[in-house]
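Participant: My questions all concern the structure below.
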Amino acid sequence: PKHLATAWHDLQANTTRTIKFANTFGQPFAATSGVGQGDPLSLIPAIVLVSWQFYMVNAMYPNQKNGETCPQGISMGACIDDRNFRGPLEVLKDAYVYIDQFDRDAGHTLQADKTSFHATCEEDTQSIRTTGLGGHKPRVNQPEVLIGEPINTHQRHTHTHVNAKLYNTVTTANKVNTLAATRNKKKRIHASVTIPQMTYPTIWSIPKAASLANLRTKILKGIWGDASKLRAVGVVLGILNDPTQLDPTVAVVANALNTARRIARKRDARLARLTQDLKHIDQVFQEQGGDRLPQLPQGPAYGCFKAAKMLHIDITFRKGIPILNFPTGASLPIDTPHATFSPRVSGSRPGIRCSITSVKGSARTTLDSG
């Protein structure tokens with residue numbers, strides 16, 4: 001109908017948006033990207049449904065009475081059919097029964113997996129996680145305060161950038177392998193170009209193991225070839241070459257541990273903070289059984305701890321200083337000087353010698369103090 005099309009056109013042409021910073025609203029600006037709800041006509045019944053439902057909730061749980069705020073009331077807000085209800089937990093639980101029934105009668109069944117709670121009280125958080133809501137347990141978001149406003153946050157490690165960089169590094173390795181050069185020259189190029197391209201964005205964010213293994217295969221093909229059957233990863237990378245320069249896993253771990261060492265040696269305050277964080281991470285790790293890494297925020301301490309565990313290195317504490325205990329029995333303080341701590345570059349230079357051993361058909365990397 002013409003009047004319906006006109007109404008929809010006017011809605012799209014006159015829609016404005018406003019960004020809220022803390023308690024301050026910015027200037028309205030025109031919205032040009034639409035509302036992203038698929039069929040544009042679906043907005044009309046959605047708005048009607050939400051409007052009538054808000055009328056019902058407001059009649060049963062009024063937010064204001066006689067011009068004053070009612071402590072047992074519910075305030076509401078919506079963006080199309082995405083609704084939020086704010087009020088005391090027990091009141092929301094009681095109202096949810098009527099809200100759910102309203103949706104069912106209107107043919108708009110709630111999606112349980114999309115229902116979430118934002119609780120600012122720890123008691124309410126535990127209550128909703130324990131008792132559930134309407135036969136299911138909704139997601140309870142963790143509240144954080146950002147510039148004066150509470151927001152929902154999730155602690156999730158980001159690997160997008162590092163995995164994308166590793167993909168580009170595989171492309172570089174393939175280009176190096178196609179060069180008309182000797183294997184010795186390809187080895188030097190991999191050590192000076194391929195590995196550094198991969199390591200600099202991977203200080204605290206470790207790439208996927210499968211991606212590291214893929215890059216290792218590419219490098220191994222360039223420095224040893226793929227025609228010979230007499231090759232072993234542990235021998236080629238751990239004995240005939242320096243794995244800190246050619247093995248992706250060892251290079252990533254060595255870079256993370258060496259960066260943590262530089263941080264610890266900057267100032268005493270940094271060493272104390274790193275030690276405190278490592279103790280906390282190790283405590284959580286032990287409380288979880290010591291068989292999987294804890295879900296904690298990314299950073300220097302967590303990156304150092306994760307890198308050490310990748311090479312089966314235990315971190316203990318002696319006189320307030322983190323100690324790296326290697327599988328061979330050797331140990332090094334985290335604030336060891338560069339000349340001793342730095343990965344071995346030549347056979348005459350003391351440092352950390354890396355070796356790769358094969359365990360049950362899969363490559364396991366270990367550090368050997370030499």
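Within each chain, counting starts at residue 1; across the structure tokens, chains are named A, B, ... in the order shown, with ligands numbered 1 upward in that order.
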I'd like the neighbourhood of Thr15 of chain A as an NGL selection string, where a residue qualifies if any of its atoms comes within 10 Å (using only C-alpha atoms), though same-chain residues fewer than 3 positions away should be ignored.
Facilitator: :A and (10-12 or 28-32 or 34-35)
Participant: Which one of A:Gly320, A:Gly73, A:Pro300, A:Gly289 sits closest to Leu92 of chain A if you count only C-alpha atoms?
Facilitator: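 Closest to Leu92 of chain A, using only C-alpha atoms: A:Gly73.
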Participant: Identify, on the basis of only C-alpha atoms, every residue whose closest approach to segment 162-174 of chain A does not exceed 6 Å; exclude the query and any residue fewer than 2 positions from it along the same chain; express the result as a ChimeraX atom specification.
Facilitator: /A:159-160,176-177,198,201,207,215
Participant: Please save N, CA, C and O atoms of the selected residues as a compact mmCIF listing (two decimals), in the first residue's frame.
Facilitator:
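Result saved to selection_30.txt:
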# COMPACT_ATOMS: atom_id res chain seq x y z
N HIS A 159 43.33 -13.43 19.00
CA HIS A 159 44.40 -14.00 18.20
C HIS A 159 44.24 -13.64 16.72
O HIS A 159 44.94 -14.18 15.88
N THR A 160 43.30 -12.75 16.43
CA THR A 160 43.01 -12.43 15.03
C THR A 160 44.22 -11.85 14.32
O THR A 160 44.61 -12.30 13.24
N VAL A 176 60.20 -17.58 -0.44
CA VAL A 176 61.62 -17.85 -0.21
C VAL A 176 62.00 -19.22 -0.77
O VAL A 176 63.07 -19.40 -1.37
N ASN A 177 61.11 -20.20 -0.60
CA ASN A 177 61.41 -21.56 -1.06
C ASN A 177 61.49 -21.65 -2.58
O ASN A 177 62.12 -22.58 -3.11
N MET A 198 57.27 -13.14 11.78
CA MET A 198 56.27 -13.83 12.58
C MET A 198 56.35 -13.46 14.06
O MET A 198 55.32 -13.35 14.73
N PRO A 201 54.72 -9.72 16.24
CA PRO A 201 53.37 -9.50 16.78
C PRO A 201 52.93 -10.59 17.75
O PRO A 201 51.79 -10.60 18.19
N PRO A 207 50.23 -17.91 18.53
CA PRO A 207 49.37 -18.38 17.44
C PRO A 207 48.89 -19.81 17.67
O PRO A 207 49.33 -20.50 18.59
N LEU A 215 53.90 -23.54 9.31
CA LEU A 215 55.05 -22.71 8.98
C LEU A 215 56.35 -23.48 9.16
O LEU A 215 57.29 -23.34 8.37
Participant: Tell me which protein, DNA and RNA residues are within 9 Å of segment 96-108 of chain A, counting only C-alpha atoms, leaving out same-chain ones fewer than 3 positions away, and put them as a PDB file with all heavy atoms, in the first residue's frame.
Facilitator:
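New file part09.pdb:
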ATOM      1  N   LEU A  49       4.386  -5.025  18.675  1.00  0.00           N
ATOM      2  CA  LEU A  49       4.459  -6.018  19.746  1.00  0.00           C
ATOM      3  C   LEU A  49       5.168  -5.462  20.976  1.00  0.00           C
ATOM      4  O   LEU A  49       4.688  -5.582  22.099  1.00  0.00           O
ATOM      5  CB  LEU A  49       5.185  -7.268  19.235  1.00  0.00           C
ATOM      6  CG  LEU A  49       5.325  -8.443  20.202  1.00  0.00           C
ATOM      7  CD1 LEU A  49       5.225  -9.764  19.454  1.00  0.00           C
ATOM      8  CD2 LEU A  49       6.657  -8.404  20.967  1.00  0.00           C
ATOM      9  N   GLN A  53       3.573  -4.681  24.685  1.00  0.00           N
ATOM     10  CA  GLN A  53       4.151  -5.400  25.826  1.00  0.00           C
ATOM     11  C   GLN A  53       4.644  -4.422  26.888  1.00  0.00           C
ATOM     12  O   GLN A  53       4.492  -4.660  28.087  1.00  0.00           O
ATOM     13  CB  GLN A  53       5.309  -6.287  25.363  1.00  0.00           C
ATOM     14  CG  GLN A  53       5.851  -7.207  26.461  1.00  0.00           C
ATOM     15  CD  GLN A  53       6.945  -8.100  25.959  1.00  0.00           C
ATOM     16  OE1 GLN A  53       8.068  -7.649  25.746  1.00  0.00           O
ATOM     17  NE2 GLN A  53       6.628  -9.383  25.752  1.00  0.00           N
ATOM     18  N   MET A  56       1.793  -3.298  28.952  1.00  0.00           N
ATOM     19  CA  MET A  56       1.404  -4.300  29.935  1.00  0.00           C
ATOM     20  C   MET A  56       2.327  -4.283  31.149  1.00  0.00           C
ATOM     21  O   MET A  56       1.882  -4.258  32.296  1.00  0.00           O
ATOM     22  CB  MET A  56       1.425  -5.687  29.293  1.00  0.00           C
ATOM     23  CG  MET A  56       1.051  -6.822  30.243  1.00  0.00           C
ATOM     24  SD  MET A  56       1.531  -8.464  29.628  1.00  0.00           S
ATOM     25  CE  MET A  56       3.327  -8.391  29.838  1.00  0.00           C
ATOM     26  N   VAL A  57       3.640  -4.294  30.901  1.00  0.00           N
ATOM     27  CA  VAL A  57       4.605  -4.315  32.007  1.00  0.00           C
ATOM     28  C   VAL A  57       4.498  -3.043  32.833  1.00  0.00           C
ATOM     29  O   VAL A  57       4.565  -3.088  34.080  1.00  0.00           O
ATOM     30  CB  VAL A  57       6.037  -4.501  31.457  1.00  0.00           C
ATOM     31  CG1 VAL A  57       7.060  -4.399  32.585  1.00  0.00           C
ATOM     32  CG2 VAL A  57       6.167  -5.844  30.746  1.00  0.00           C
ATOM     33  N   VAL A  91      11.655  -8.867  41.220  1.00  0.00           N
ATOM     34  CA  VAL A  91      10.576  -8.294  40.408  1.00  0.00           C
ATOM     35  C   VAL A  91      10.723  -8.734  38.955  1.00  0.00           C
ATOM     36  O   VAL A  91       9.737  -9.079  38.284  1.00  0.00           O
ATOM     37  CB  VAL A  91      10.578  -6.760  40.525  1.00  0.00           C
ATOM     38  CG1 VAL A  91       9.513  -6.153  39.612  1.00  0.00           C
ATOM     39  CG2 VAL A  91      10.356  -6.328  41.959  1.00  0.00           C
ATOM     40  N   LEU A  92      11.959  -8.756  38.453  1.00  0.00           N
ATOM     41  CA  LEU A  92      12.184  -9.186  37.079  1.00  0.00           C
ATOM     42  C   LEU A  92      11.832 -10.656  36.891  1.00  0.00           C
ATOM     43  O   LEU A  92      11.286 -11.053  35.853  1.00  0.00           O
ATOM     44  CB  LEU A  92      13.644  -8.941  36.691  1.00  0.00           C
ATOM     45  CG  LEU A  92      14.076  -7.478  36.553  1.00  0.00           C
ATOM     46  CD1 LEU A  92      15.565  -7.399  36.268  1.00  0.00           C
ATOM     47  CD2 LEU A  92      13.290  -6.773  35.467  1.00  0.00           C
ATOM     48  N   LYS A  93      12.152 -11.484  37.890  1.00  0.00           N
ATOM     49  CA  LYS A  93      11.792 -12.895  37.800  1.00  0.00           C
ATOM     50  C   LYS A  93      10.278 -13.065  37.717  1.00  0.00           C
ATOM     51  O   LYS A  93       9.769 -13.873  36.937  1.00  0.00           O
ATOM     52  CB  LYS A  93      12.338 -13.650  39.017  1.00  0.00           C
ATOM     53  CG  LYS A  93      13.828 -13.911  38.987  1.00  0.00           C
ATOM     54  CD  LYS A  93      14.232 -14.742  40.197  1.00  0.00           C
ATOM     55  CE  LYS A  93      15.710 -15.097  40.159  1.00  0.00           C
ATOM     56  NZ  LYS A  93      16.091 -15.914  41.340  1.00  0.00           N
ATOM     57  N   LEU A 133      16.151 -19.124  35.020  1.00  0.00           N
ATOM     58  CA  LEU A 133      15.012 -18.272  34.698  1.00  0.00           C
ATOM     59  C   LEU A 133      14.154 -18.972  33.662  1.00  0.00           C
ATOM     60  O   LEU A 133      14.604 -19.265  32.551  1.00  0.00           O
ATOM     61  CB  LEU A 133      15.491 -16.916  34.158  1.00  0.00           C
ATOM     62  CG  LEU A 133      14.426 -15.848  33.922  1.00  0.00           C
ATOM     63  CD1 LEU A 133      13.840 -15.384  35.250  1.00  0.00           C
ATOM     64  CD2 LEU A 133      15.030 -14.661  33.182  1.00  0.00           C
ATOM     65  N   GLY A 134      12.930 -19.278  34.019  1.00  0.00           N
ATOM     66  CA  GLY A 134      12.003 -19.896  33.081  1.00  0.00           C
ATOM     67  C   GLY A 134      12.461 -21.246  32.562  1.00  0.00           C
ATOM     68  O   GLY A 134      12.215 -21.577  31.404  1.00  0.00           O
TER      69      GLY A 134
END
Participant: Just want the 8 Å neighbourhood of Leu274 of chain A, counted on only C-alpha atoms, with same-chain residues fewer than 4 positions away dropped. Output as a PyMOL selection string.
Facilitator: chain A and resi 264+270+278+300-301
Participant: From the set A:Ile189, A:Ile321, A:Ala307, A:Ile47, which residue has the shortest atom-to-atom contact distance to Thr259 of chain A, counting only C-alpha atoms?
Facilitator: A:Ala307
Participant: Pick out the residues sitting within 10 Å of Ser331 of chain A, and hand them over as a PyMOL selection string; count only C-alpha atoms, and ignore anything fewer than 4 positions along from it in its own chain.
Facilitator: chain A and resi 313-316+323-327+368-369
Participant: Provide the atom CA of Ser116 of chain A to atom CA of Asn84 of chain A distance in Å, to one decimal place.
Facilitator: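 Between atom CA of Ser116 of chain A and atom CA of Asn84 of chain A the gap is 9.5 Å.
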Participant: Identify which of the residues A:Asn141, A:Thr18, A:Gln295, A:Asn214 lies closest to Thr115 of chain A, counting only C-alpha atoms when measuring atom-to-atom distances.
Facilitator: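 Ranked by minimum distance to Thr115 of chain A, first place goes to A:Asn141.
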Participant: I need the alpha helix (DSSP H) residues of segment 221-261 of chain A per DSSP on the backbone, written as a ChimeraX atom specification.
Facilitator: /A:221-224,233-238,243-246,248-261
